[in-house]
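A.B. asks: Attaching a single structure in structure tokens format; questions to follow.
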Number of protein chains: 2
Amino acid sequence: MSSDSGSAIQKRFGENLRSIRKSKGLSQETLALICGLDRTYIGGVERGERNISLVNIVKIAQSLGVEAKDFF
Amino acid sequence: MSSDSGSAIQKRFGENLRSIRKSKGLSQETLALICGLDRTYIGGVERGERNISLVNIVKIAQSLGVEAKDFF
DNA sequence: GTGTGACTCAAAGTCCGTT
DNA sequence: AAACGGACTTTGAGTCACA
């Protein structure tokens, strides 16, 4: 099918998130556990497939010990 | 349940948005027109009532000529 | 020019699993 | 450890009439 799931914005955000998560030495599962979100959801965001909302952006940022602005 | 209308995160985001919009001398209506969103939607975000998602955050930022990170 | 409640509907987000 | 899919519930997106 169209391998175009997700906007460029989402893809960039996802790449940044993945990069920061890895730099903290956390797995998707562990991060998901810390911030109370689903592991498959975190994965989807990192792949740029999901349009994450404000509250969860901040939740994930706090769980990683960074500022929300670092994802942009 | 006891969902207050809007989290602290949303309220802070909304305040920042409103402040930036006003500094650009734009009304909610004008901004809404520029970014293709409804004026009542913009208003709801500014009041901290809505949990806006990534794509619309960037859309509004671009319409204001600022970076998305400026809202955080 | 803005606030607000109510509404529809698509998408956000969860939970189960297999690869 | 992560990608991916199906089925599910909840919430955001988008709009309107009225204050």
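Labeling convention for the structure tokens: chains A, B, ... as they appear, residues from 1 per chain, ligands from 1 in order of appearance.
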Once chain B is fitted to chain A on all Cα atoms paired one-to-one in order, how large is the remaining RMSD?

C.D. replies: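 1.8 Å is the C-alpha RMSD between the two chains.
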
A.B. asks: Identify every residue of chain D that has at least one atom within 8 Å of any atom of chain B, counting only C-alpha atoms (C1' of nucleotides), and report the result as number ranges by chain.

C.D. replies: D: 12, 14-15

A.B. asks: Find the residues of chain A in contact range of chain B, meaning any atom within 9 Å when counting only C-alpha atoms, and list them as a list of chain:residue names.

C.D. replies: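 For chain A, the answer reads A:Ser7, A:Ile9, A:Gln10, A:Phe13, A:Asn51, A:Ile52, A:Ser53, A:Leu54, A:Val55, A:Ile57, A:Val58, A:Glu67, A:Ala68, A:Lys69, A:Asp70, A:Phe71, A:Phe72.
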
A.B. asks: Going by DSSP on the backbone, which residues of chain A come out as alpha helix (DSSP H)? List them as a tab-separated table (two decimals) with C-alpha atoms, in the first residue's frame.

C.D. replies:
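Below is the file that was written, out.tsv:
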```tsv
chain	number	residue	atom	x	y	z
A	8	ALA	CA	6.89	14.73	7.84
A	9	ILE	CA	6.25	16.50	11.10
A	10	GLN	CA	5.44	13.25	12.85
A	11	LYS	CA	8.46	11.54	11.36
A	12	ARG	CA	10.81	14.22	12.55
A	13	PHE	CA	9.32	14.20	15.99
A	14	GLY	CA	9.61	10.42	16.14
A	15	GLU	CA	13.25	10.46	15.11
A	16	ASN	CA	14.04	12.99	17.79
A	17	LEU	CA	12.19	11.00	20.41
A	18	ARG	CA	13.96	7.78	19.46
A	19	SER	CA	17.31	9.46	19.51
A	20	ILE	CA	16.75	10.95	22.95
A	21	ARG	CA	15.32	7.71	24.34
A	22	LYS	CA	18.31	5.72	23.16
A	23	SER	CA	20.70	8.29	24.55
A	28	GLN	CA	10.46	1.46	24.32
A	29	GLU	CA	8.92	-0.89	26.84
A	30	THR	CA	10.68	0.68	29.79
A	31	LEU	CA	9.82	4.18	28.67
A	32	ALA	CA	6.22	3.15	28.16
A	33	LEU	CA	6.13	1.78	31.68
A	34	ILE	CA	7.58	4.95	33.17
A	35	CYS	CA	5.20	7.33	31.49
A	39	ARG	CA	4.50	0.16	24.40
A	40	THR	CA	2.97	-0.20	20.93
A	41	TYR	CA	1.97	3.42	21.05
A	42	ILE	CA	5.48	4.67	21.82
A	43	GLY	CA	6.73	2.59	18.91
A	44	GLY	CA	4.15	4.08	16.59
A	45	VAL	CA	5.11	7.60	17.57
A	46	GLU	CA	8.80	6.90	16.98
A	54	LEU	CA	0.26	17.83	23.84
A	55	VAL	CA	-0.20	16.14	27.19
A	56	ASN	CA	1.56	12.99	26.09
A	57	ILE	CA	4.41	14.96	24.53
A	58	VAL	CA	5.06	16.54	27.92
A	59	LYS	CA	4.53	13.25	29.76
A	60	ILE	CA	7.17	11.54	27.65
A	61	ALA	CA	9.55	14.47	27.95
A	62	GLN	CA	9.29	14.38	31.74
A	63	SER	CA	9.79	10.62	31.76
A	64	LEU	CA	12.99	11.10	29.80
```

A.B. asks: Quick one: residues within 12 Å of DT19 (chain C), only C-alpha atoms (C1' of nucleotides), excluding same-chain residues fewer than 2 positions away - as a ChimeraX atom specification?

C.D. replies: /C:17 /D:2-5

A.B. asks: If the cut-off is 10 Å, can you tell me the residues of chain C near chain B, counting only C-alpha atoms (C1' of nucleotides)? I'd like them as a list in words.

C.D. replies: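 For chain C, the answer reads DG1, DT2, DG3, DT4 and DA12 of chain C.
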
A.B. asks: Quick one: distance from C1' of DA10 (chain C) to C1' of DA7 (chain D) in Å, one decimal?

C.D. replies: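 Atom-to-atom, C1' of DA10 (chain C) to C1' of DA7 (chain D), that is 16.4 Å.
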
A.B. asks: Hey, can you check how far CA of Gly65 (chain B) sits from CA of Gly36 (chain B)?

C.D. replies: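 Going from CA of Gly65 (chain B) over to CA of Gly36 (chain B), I get 14.9 Å.
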
A.B. asks: Just the number, please: distance in Å from CA of Glu49 (chain A) to C1' of DT8 (chain C), one decimal.

C.D. replies: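 Separation between CA of Glu49 (chain A) and C1' of DT8 (chain C): 24.6 Å.
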
A.B. asks: Show which residues sit within 10 Å of DC8 (chain D), as a compact mmCIF listing (two decimals) with C-alpha atoms (C1' of nucleotides), in the first residue's frame. Count only C-alpha atoms (C1' of nucleotides), and ignore same-chain residues fewer than 4 positions away.

C.D. replies:
```txt
# COMPACT_ATOMS: atom_id res chain seq x y z
C1' DT C 14 -5.12 0.55 24.87
C1' DC C 15 -4.73 -4.27 24.87
C1' DC C 16 -4.39 -8.61 22.92
```
